[in-house]
>>> print(open('structure29.pdb').read())   # PDB, C-alpha atoms
ATOM      1  CA  MET G   1      15.031   2.968  21.703
ATOM      2  CA  ALA G   2      17.190  -0.115  22.018
ATOM      3  CA  GLY G   3      16.862   0.215  25.760
ATOM      4  CA  LEU G   4      13.161  -0.527  25.523
ATOM      5  CA  ALA G   5      14.028  -4.086  24.602
ATOM      6  CA  ASP G   6      16.284  -4.753  27.578
ATOM      7  CA  SER G   7      13.549  -5.657  29.999
ATOM      8  CA  GLY G   8      11.031  -8.444  29.576
ATOM      9  CA  SER G   9       8.648  -6.577  31.878
ATOM     10  CA  ASN G  10       7.865  -3.723  29.507
ATOM     11  CA  PRO G  11       4.623  -3.834  27.452
ATOM     12  CA  ASP G  12       6.445  -3.859  24.122
ATOM     13  CA  VAL G  13       8.297  -7.074  24.919
ATOM     14  CA  ASP G  14       5.290  -8.636  26.672
ATOM     15  CA  LEU G  15       3.124  -8.050  23.618
ATOM     16  CA  LEU G  16       5.881  -9.401  21.392
ATOM     17  CA  TYR G  17       5.894 -12.694  23.307
ATOM     18  CA  ASP G  18       2.098 -12.863  23.400
ATOM     19  CA  ILE G  19       1.692 -12.412  19.653
ATOM     20  CA  ASN G  20       4.711 -14.474  18.657
ATOM     21  CA  GLY G  21       3.538 -17.202  21.026
ATOM     22  CA  LEU G  22       0.659 -17.803  18.617
ATOM     23  CA  ALA G  23       3.219 -18.977  16.064
ATOM     24  CA  LYS G  24       4.528 -21.596  18.485
ATOM     25  CA  ASP G  25       1.059 -23.043  18.954
ATOM     26  CA  ALA G  26       0.178 -23.008  15.256
ATOM     27  CA  PRO G  27       0.843 -25.964  12.918
ATOM     28  CA  PRO G  28       3.965 -25.674  10.718
ATOM     29  CA  TRP G  29       1.960 -25.301   7.511
ATOM     30  CA  PHE G  30       0.099 -22.314   8.947
ATOM     31  CA  ASP G  31       3.369 -20.635   9.903
ATOM     32  CA  ARG G  32       4.628 -21.124   6.357
ATOM     33  CA  VAL G  33       1.495 -19.446   5.028
ATOM     34  CA  MET G  34       1.909 -16.562   7.468
ATOM     35  CA  GLU G  35       5.558 -16.233   6.475
ATOM     36  CA  PHE G  36       4.645 -15.861   2.799
ATOM     37  CA  VAL G  37       1.769 -13.486   3.546
ATOM     38  CA  GLY G  38       3.918 -11.353   5.841
ATOM     39  CA  GLU G  39       6.861 -11.143   3.460
ATOM     40  CA  TYR G  40       5.127 -10.848   0.089
ATOM     41  CA  GLY G  41       1.406 -11.599   0.122
ATOM     42  CA  LEU G  42      -0.014  -8.515   1.817
ATOM     43  CA  LEU G  43       2.220  -6.137  -0.097
ATOM     44  CA  LEU G  44       1.112  -7.782  -3.335
ATOM     45  CA  ALA G  45      -2.529  -7.597  -2.245
ATOM     46  CA  ILE G  46      -2.334  -3.843  -1.602
ATOM     47  CA  VAL G  47      -0.588  -3.277  -4.940
ATOM     48  CA  LEU G  48      -3.415  -5.202  -6.622
ATOM     49  CA  LEU G  49      -5.906  -2.992  -4.783
ATOM     50  CA  VAL G  50      -4.204   0.089  -6.209
ATOM     51  CA  LEU G  51      -4.328  -1.419  -9.705
ATOM     52  CA  GLY G  52      -7.942  -2.450  -9.220
ATOM     53  CA  CYS G  53      -8.867   1.065  -8.162
ATOM     54  CA  TRP G  54      -7.103   2.497 -11.217
ATOM     55  CA  TRP G  55      -8.922   0.083 -13.523
ATOM     56  CA  THR G  56     -12.287   0.990 -11.981
ATOM     57  CA  VAL G  57     -11.633   4.726 -12.188
ATOM     58  CA  ARG G  58     -10.515   4.695 -15.825
ATOM     59  CA  ARG G  59     -13.461   2.541 -16.913
ATOM     60  CA  ARG G  60     -16.011   4.792 -15.219
ATOM     61  CA  GLY G  61     -14.383   7.876 -16.737
ATOM     62  CA  ASP G  62     -15.666  10.357 -14.146
ATOM     63  CA  GLU G  63     -14.759  14.020 -14.417
ATOM     64  CA  ASP G  64     -12.343  13.690 -11.498
ATOM     65  CA  ALA G  65     -10.585  10.667 -13.037
ATOM     66  CA  ALA G  66      -7.351  12.621 -13.510
ATOM     67  CA  SER G  67      -7.113  13.693  -9.880
ATOM     68  CA  THR G  68      -7.935  10.177  -8.677
ATOM     69  CA  VAL G  69      -5.294   8.620 -10.921
ATOM     70  CA  ALA G  70      -2.811  11.237  -9.710
ATOM     71  CA  ALA G  71      -3.527  10.145  -6.129
ATOM     72  CA  LEU G  72      -2.981   6.523  -7.148
ATOM     73  CA  VAL G  73       0.370   7.450  -8.682
ATOM     74  CA  TRP G  74       1.258   9.189  -5.436
ATOM     75  CA  ALA G  75       0.620   6.047  -3.337
ATOM     76  CA  PRO G  76       3.729   4.072  -4.470
ATOM     77  CA  LEU G  77       5.777   7.260  -4.599
ATOM     78  CA  ALA G  78       4.837   7.963  -0.980
ATOM     79  CA  ALA G  79       5.888   4.429  -0.025
ATOM     80  CA  GLY G  80       9.260   4.900  -1.699
ATOM     81  CA  ILE G  81       9.866   8.264  -0.047
ATOM     82  CA  ALA G  82       8.857   6.871   3.358
ATOM     83  CA  VAL G  83      11.399   4.054   3.019
ATOM     84  CA  LEU G  84      14.111   6.579   2.159
ATOM     85  CA  VAL G  85      13.170   8.657   5.203
ATOM     86  CA  ASN G  86      13.428   5.493   7.292
ATOM     87  CA  VAL G  87      17.083   4.908   6.323
ATOM     88  CA  PRO G  88      18.541   7.599   8.628
ATOM     89  CA  ILE G  89      15.989   6.771  11.332
ATOM     90  CA  ARG G  90      17.179   3.172  11.452
ATOM     91  CA  GLY G  91      20.796   4.232  11.506
ATOM     92  CA  PHE G  92      20.165   6.685  14.338
ATOM     93  CA  VAL G  93      18.109   4.372  16.560
ATOM     94  CA  GLU G  94      20.126   1.186  15.870
ATOM     95  CA  ARG G  95      17.617  -1.139  17.484
ATOM     96  CA  PRO G  96      18.542  -4.833  17.048
ATOM     97  CA  ARG G  97      15.998  -7.373  15.895
ATOM     98  CA  PRO G  98      14.014  -8.817  18.816
ATOM     99  CA  PHE G  99      15.342 -12.359  18.386
ATOM    100  CA  LEU G 100      18.888 -11.073  18.970
ATOM    101  CA  ASP G 101      18.034  -9.799  22.467
ATOM    102  CA  HIS G 102      15.331 -12.245  23.556
ATOM    103  CA  GLN G 103      15.338 -15.992  23.781
ATOM    104  CA  GLY G 104      12.491 -18.356  23.020
ATOM    105  CA  LEU G 105      10.976 -16.516  20.055
ATOM    106  CA  GLU G 106       9.594 -18.441  17.099
ATOM    107  CA  VAL G 107      11.354 -16.716  14.188
ATOM    108  CA  LEU G 108       9.683 -17.569  10.883
ATOM    109  CA  VAL G 109      12.154 -15.719   8.641
ATOM    110  CA  LYS G 110      15.869 -16.298   9.066
ATOM    111  CA  GLY G 111      18.732 -14.057   8.017
ATOM    112  CA  LYS G 112      17.372 -10.680   9.119
ATOM    113  CA  THR G 113      20.484  -8.739  10.128
ATOM    114  CA  ASP G 114      19.422  -5.115   9.664
ATOM    115  CA  TYR G 115      17.960  -2.915  12.396
ATOM    116  CA  SER G 116      14.419  -3.372  13.624
ATOM    117  CA  PHE G 117      13.051   0.157  14.121
ATOM    118  CA  VAL G 118      11.253   1.328  11.985
ATOM    119  CA  SER G 119       9.675  -1.616  10.120
ATOM    120  CA  ASP G 120      10.071  -1.137   6.377
ATOM    121  CA  HIS G 121       7.178  -3.496   5.648
ATOM    122  CA  ALA G 122       4.825  -1.605   7.953
ATOM    123  CA  THR G 123       5.971   1.701   6.478
ATOM    124  CA  ILE G 124       5.417   0.594   2.883
ATOM    125  CA  VAL G 125       2.012  -1.046   3.317
ATOM    126  CA  MET G 126       0.640   1.848   5.370
ATOM    127  CA  ALA G 127       1.911   4.492   2.949
ATOM    128  CA  LEU G 128       0.285   2.568   0.076
ATOM    129  CA  ALA G 129      -2.953   2.162   2.017
ATOM    130  CA  VAL G 130      -3.168   5.820   3.039
ATOM    131  CA  GLY G 131      -2.340   6.960  -0.488
ATOM    132  CA  LEU G 132      -5.054   4.649  -1.775
ATOM    133  CA  PHE G 133      -7.477   6.056   0.790
ATOM    134  CA  VAL G 134      -6.769   9.570  -0.482
ATOM    135  CA  ALA G 135      -7.728   8.381  -3.963
ATOM    136  CA  ASN G 136     -10.756   6.248  -3.077
ATOM    137  CA  ARG G 137     -12.364   5.667   0.320
ATOM    138  CA  ARG G 138     -13.754   2.196  -0.415
ATOM    139  CA  PHE G 139     -10.519   0.746  -1.774
ATOM    140  CA  GLY G 140      -8.562   2.676   0.838
ATOM    141  CA  LEU G 141     -10.449   1.136   3.760
ATOM    142  CA  ALA G 142      -9.674  -2.319   2.409
ATOM    143  CA  GLY G 143      -6.027  -1.318   2.102
ATOM    144  CA  LEU G 144      -5.913  -0.027   5.676
ATOM    145  CA  VAL G 145      -7.311  -3.315   6.988
ATOM    146  CA  LEU G 146      -4.654  -5.237   5.064
ATOM    147  CA  ALA G 147      -1.924  -2.906   6.336
ATOM    148  CA  LEU G 148      -2.980  -3.380   9.970
ATOM    149  CA  PHE G 149      -3.035  -7.137   9.480
ATOM    150  CA  GLY G 150       0.400  -6.947   7.887
ATOM    151  CA  GLY G 151       1.785  -5.181  10.963
ATOM    152  CA  PHE G 152       0.372  -7.899  13.188
ATOM    153  CA  ILE G 153       2.032 -10.581  11.064
ATOM    154  CA  ARG G 154       5.455  -8.916  11.340
ATOM    155  CA  VAL G 155       5.276  -9.326  15.125
ATOM    156  CA  TYR G 156       3.816 -12.821  14.748
ATOM    157  CA  MET G 157       6.846 -13.750  12.642
ATOM    158  CA  GLY G 158       9.200 -12.658  15.433
ATOM    159  CA  VAL G 159      11.099 -10.128  13.319
ATOM    160  CA  HIS G 160       9.743  -6.892  14.819
ATOM    161  CA  TYR G 161       8.632  -5.413  18.111
ATOM    162  CA  PRO G 162       5.098  -3.962  18.190
ATOM    163  CA  THR G 163       6.575  -0.459  18.449
ATOM    164  CA  ASP G 164       8.573  -1.095  15.264
ATOM    165  CA  VAL G 165       5.280  -1.663  13.485
ATOM    166  CA  VAL G 166       3.542   1.310  15.105
ATOM    167  CA  GLY G 167       6.483   3.497  14.115
ATOM    168  CA  GLY G 168       6.225   2.228  10.544
ATOM    169  CA  PHE G 169       2.509   2.970  10.469
ATOM    170  CA  ALA G 170       3.133   6.491  11.754
ATOM    171  CA  LEU G 171       5.932   7.152   9.260
ATOM    172  CA  GLY G 172       3.997   5.832   6.274
ATOM    173  CA  THR G 173       0.892   7.804   7.241
ATOM    174  CA  ALA G 174       2.838  11.019   7.846
ATOM    175  CA  VAL G 175       4.633  10.920   4.498
ATOM    176  CA  ALA G 176       1.507   9.975   2.521
ATOM    177  CA  LEU G 177      -0.675  12.667   4.123
ATOM    178  CA  LEU G 178       1.708  15.549   4.769
ATOM    179  CA  LEU G 179       3.240  15.509   1.299
ATOM    180  CA  SER G 180      -0.043  14.734  -0.454
ATOM    181  CA  PRO G 181      -1.020  18.380  -1.219
ATOM    182  CA  LEU G 182       2.339  19.082  -2.848
ATOM    183  CA  ALA G 183       2.317  15.756  -4.687
ATOM    184  CA  MET G 184      -1.202  16.312  -6.017
ATOM    185  CA  ALA G 185      -0.334  19.835  -7.132
ATOM    186  CA  LEU G 186       2.560  18.430  -9.157
ATOM    187  CA  LEU G 187       1.034  15.177 -10.394
ATOM    188  CA  THR G 188      -2.486  16.261 -11.333
ATOM    189  CA  PRO G 189      -1.429  18.565 -14.219
ATOM    190  CA  VAL G 190       0.817  15.793 -15.544
ATOM    191  CA  VAL G 191      -2.003  13.245 -15.416
ATOM    192  CA  ARG G 192      -4.390  15.714 -17.082
ATOM    193  CA  ALA G 193      -1.865  16.132 -19.897
ATOM    194  CA  VAL G 194      -1.702  12.352 -20.262
ATOM    195  CA  GLU G 195      -5.510  12.248 -20.288
ATOM    196  CA  ARG G 196      -5.598  14.628 -23.274
ATOM    197  CA  SER G 197      -3.015  12.591 -25.166
ATOM    198  CA  PRO G 198      -4.520  10.587 -28.055
ATOM    199  CA  ARG G 199      -2.065   7.758 -27.456
ATOM    200  CA  ALA G 200      -1.774   7.599 -23.654
ATOM    201  CA  GLY G 201      -5.170   8.961 -22.652
ATOM    202  CA  TRP G 202      -6.508   5.428 -22.055
ATOM    203  CA  LEU G 203      -4.300   5.271 -18.954
ATOM    204  CA  VAL G 204      -6.555   7.843 -17.291
ATOM    205  CA  ARG G 205      -9.911   7.390 -18.995
ATOM    206  CA  ALA G 206     -11.161   4.482 -21.089
ATOM    207  CA  ARG G 207     -11.623   5.320 -24.745
ATOM    208  CA  GLY G 208     -15.133   6.413 -25.569
ATOM    209  CA  ARG G 209     -15.745   7.595 -21.984
ATOM    210  CA  ALA G 210     -16.231  11.142 -20.777
ATOM    211  CA  GLY G 211     -17.984  12.045 -17.573
ATOM    212  CA  GLY G 212     -18.961   8.415 -17.140
ATOM    213  CA  GLU G 213     -20.982   8.271 -20.394
ATOM    214  CA  ASP G 214     -20.181   7.133 -23.911
ATOM    215  CA  THR G 215     -18.641   9.917 -25.936
ATOM    216  CA  VAL G 216     -20.536  10.802 -29.116
ATOM    217  CA  ILE G 217     -18.249  11.290 -32.077
ATOM    218  CA  PRO G 218     -19.604  14.122 -34.264
ATOM    219  CA  GLU G 219     -18.956  12.296 -37.544
ATOM    220  CA  ALA G 220     -20.726   9.185 -36.339
ATOM    221  CA  HIS G 221     -23.649  11.296 -35.102
ATOM    222  CA  SER G 222     -23.966  12.930 -38.546
ATOM    223  CA  GLU G 223     -23.889   9.562 -40.299
ATOM    224  CA  ARG G 224     -26.659   8.200 -38.073
ATOM    225  CA  ALA G 225     -28.751  11.333 -38.707
ATOM    226  CA  SER G 226     -28.318  10.935 -42.472
ATOM    227  CA  GLU G 227     -29.368   7.310 -42.278
ATOM    228  CA  ARG G 228     -32.533   8.305 -40.392
ATOM    229  CA  ASP G 229     -33.308  10.961 -43.046
ATOM    230  CA  LEU G 230     -32.924   8.441 -45.845
ATOM    231  CA  ALA G 231     -35.093   5.960 -44.040
ATOM    232  CA  ALA G 232     -37.796   8.625 -43.626
TER     233      ALA G 232
END
>>> encode(input="structure29.pdb", output="C-alpha cells")
Amino acid sequence: MAGLADSGSNPDVDLLYDINGLAKDAPPWFDRVMEFVGEYGLLLAIVLLVLGCWWTVRRRGDEDAASTVAALVWAPLAAGIAVLVNVPIRGFVERPRPFLDHQGLEVLVKGKTDYSFVSDHATIVMALAVGLFVANRRFGLAGLVLALFGGFIRVYMGVHYPTDVVGGFALGTAVALLLSPLAMALLTPVVRAVERSPRAGWLVRARGRAGGEDTVIPEAHSERASERDLAA
C-alpha cells in the first residue's frame, strides 16, 4: 500500500493534491474552522445525533423502542471494535502520512506520526453513522452525510490519502453491518430487561409511555371513575 504513494501520477495522489489544494486557497480562519471540524466537530455532531435519536425514541415510547435503543448502543460499540480491528491493519500496511512522502501539502494538523492507512477518524464516524442508520433511517441518513463530509475534510487537512478514508469507510461499515445481527441478539434482551426495570426503565421508554400513548394507571382510573359517580 505504501507503494501507491510513491508516484505523483496515480489517482490517489492526484486527488490528494486537488482536495488539499483547496486549503491553500482558503483564508486562514476557514482552515482553522476546518481543522476543528475535522478533528472534533463532526465526531461530536454524530454523537449528538445518536443522543438525539435516543431521546426521540424514548419519548415516543413505541413498541420497538427496546430494539431501537439496542441498535443505538451498538453504534459506539461498533466504532470501538472497528478501531481495534484497524490496529493490526495499520501495523501490517505501514503506510506513512502523505506529508512525509509528498512536498507542497498544506498540513492543518501538526504532529501526526502514526500510520495513515486506515483512517481512524473515517472508521469511527462511518461505524457510528451506519449503526445509527440501523436504528433509525432519518437520523442515519444525516449521520452518513456527516461521515462522508468528515472523510473529505481529512484529505483537505493533508493528513490522509483518499484511499485511507475509503478504507476507513469500508472498515466501519463492515464492522457495523456484519456484526449487527449478533450484537442485536445480545443487546436487545439486555435493553428489554432495563426497560422493565422500575428505576432504569426511563432510559428506554419515558415514564408514562407505552406504545406511544400515555399509560393509564389502574388506581388513578378507579379514582376518576369514583369521582364521576359521586358527581352523578
>>> resolve_selection(input="structure29.pdb", expression="the PyMOL selection byres ((chain G and resi 105) around 8)", output="NGL selection string")
:G and (17 or 20-21 or 99 or 102-104 or 106-107 or 158)
>>> residues_around(input="structure29.pdb", residues="Val47 in chain G", least_positions_apart="2", cutoff="10 Å", atoms="all atoms listed in the file", output="JSON, numbers by chain")
{"G": [41, 42, 43, 44, 45, 49, 50, 51, 52, 53, 75, 76, 125, 128, 129, 132, 143]}
>>> resolve_selection(input="structure29.pdb", expression="the PyMOL selection byres ((chain G and resi 38) around 9)", output="VMD selection string")
chain G and resid 33 to 37 39 to 43 121 149 to 154 157
>>> write_last_selection(input="structure29.pdb", atoms="C-alpha atoms", output="PDB file, keeping the file's coordinate frame")
ATOM      1  CA  VAL G  33       1.495 -19.446   5.028  1.00  0.00           C
ATOM      2  CA  MET G  34       1.909 -16.562   7.468  1.00  0.00           C
ATOM      3  CA  GLU G  35       5.558 -16.233   6.475  1.00  0.00           C
ATOM      4  CA  PHE G  36       4.645 -15.861   2.799  1.00  0.00           C
ATOM      5  CA  VAL G  37       1.769 -13.486   3.546  1.00  0.00           C
ATOM      6  CA  GLU G  39       6.861 -11.143   3.460  1.00  0.00           C
ATOM      7  CA  TYR G  40       5.127 -10.848   0.089  1.00  0.00           C
ATOM      8  CA  GLY G  41       1.406 -11.599   0.122  1.00  0.00           C
ATOM      9  CA  LEU G  42      -0.014  -8.515   1.817  1.00  0.00           C
ATOM     10  CA  LEU G  43       2.220  -6.137  -0.097  1.00  0.00           C
ATOM     11  CA  HIS G 121       7.178  -3.496   5.648  1.00  0.00           C
ATOM     12  CA  PHE G 149      -3.035  -7.137   9.480  1.00  0.00           C
ATOM     13  CA  GLY G 150       0.400  -6.947   7.887  1.00  0.00           C
ATOM     14  CA  GLY G 151       1.785  -5.181  10.963  1.00  0.00           C
ATOM     15  CA  PHE G 152       0.372  -7.899  13.188  1.00  0.00           C
ATOM     16  CA  ILE G 153       2.032 -10.581  11.064  1.00  0.00           C
ATOM     17  CA  ARG G 154       5.455  -8.916  11.340  1.00  0.00           C
ATOM     18  CA  MET G 157       6.846 -13.750  12.642  1.00  0.00           C
TER      19      MET G 157
END
>>> closest_atom_pairs(input="structure29.pdb", of="range 94-143 of chain G", to="range 176-185 of chain G", cutoff="7 Å", atoms="all atoms listed in the file", output="tab-separated table")
residue	atom	partner	partner_atom	distance
G:Ala127	CA	G:Ala176	CA	5.5
G:Val130	CA	G:Ala176	CA	6.3
G:Gly131	CA	G:Ala176	CA	5.7
>>> atom_distance(input="structure29.pdb", atom1="CA of Val118 in chain G", atom2="CA of Asp164 in chain G")
4.9 Å
>>> atom_distance(input="structure29.pdb", atom1="CA of Pro11 in chain G", atom2="CA of Val83 in chain G")
26.6 Å
>>> closest_residue(input="structure29.pdb", among="G:Lys112, G:Arg138, G:Val85, G:Ala78", to="Ile124 in chain G", atoms="all atoms listed in the file")
G:Ala78
>>> atom_distance(input="structure29.pdb", atom1="CA of Asn86 in chain G", atom2="CA of Asp120 in chain G")
7.5 Å
>>> residues_around(input="structure29.pdb", residues="Ser67 in chain G", least_positions_apart="6", cutoff="10 Å", atoms="only C-alpha atoms", output="JSON, numbers by chain")
{"G": [73, 135, 184, 185, 187, 188, 189, 190, 191, 192, 204]}
>>> axis_aligned_box(input="structure29.pdb", around="range 151-165 of chain G", padding_each_side="4 Å", output="lines of an AutoDock Vina configuration file")
center_x = 5.7
center_y = -7.1
center_z = 14.7
size_x = 18.7
size_y = 21.3
size_z = 15.5
>>> residues_around(input="structure29.pdb", residues="Ala65 in chain G", least_positions_apart="3", cutoff="12 Å", atoms="only C-alpha atoms", output="PyMOL selection string")
chain G and resi 53-62+68-72+135-136+188+191-192+194-195+201-206+209-212
>>> write_last_selection(input="structure29.pdb", atoms="C-alpha atoms", output="compact mmCIF listing (two decimals), in the frame of the given file")
# COMPACT_ATOMS: atom_id res chain seq x y z
CA CYS G 53 -8.87 1.06 -8.16
CA TRP G 54 -7.10 2.50 -11.22
CA TRP G 55 -8.92 0.08 -13.52
CA THR G 56 -12.29 0.99 -11.98
CA VAL G 57 -11.63 4.73 -12.19
CA ARG G 58 -10.52 4.70 -15.82
CA ARG G 59 -13.46 2.54 -16.91
CA ARG G 60 -16.01 4.79 -15.22
CA GLY G 61 -14.38 7.88 -16.74
CA ASP G 62 -15.67 10.36 -14.15
CA THR G 68 -7.94 10.18 -8.68
CA VAL G 69 -5.29 8.62 -10.92
CA ALA G 70 -2.81 11.24 -9.71
CA ALA G 71 -3.53 10.14 -6.13
CA LEU G 72 -2.98 6.52 -7.15
CA ALA G 135 -7.73 8.38 -3.96
CA ASN G 136 -10.76 6.25 -3.08
CA THR G 188 -2.49 16.26 -11.33
CA VAL G 191 -2.00 13.24 -15.42
CA ARG G 192 -4.39 15.71 -17.08
CA VAL G 194 -1.70 12.35 -20.26
CA GLU G 195 -5.51 12.25 -20.29
CA GLY G 201 -5.17 8.96 -22.65
CA TRP G 202 -6.51 5.43 -22.06
CA LEU G 203 -4.30 5.27 -18.95
CA VAL G 204 -6.56 7.84 -17.29
CA ARG G 205 -9.91 7.39 -19.00
CA ALA G 206 -11.16 4.48 -21.09
CA ARG G 209 -15.74 7.60 -21.98
CA ALA G 210 -16.23 11.14 -20.78
CA GLY G 211 -17.98 12.04 -17.57
CA GLY G 212 -18.96 8.41 -17.14
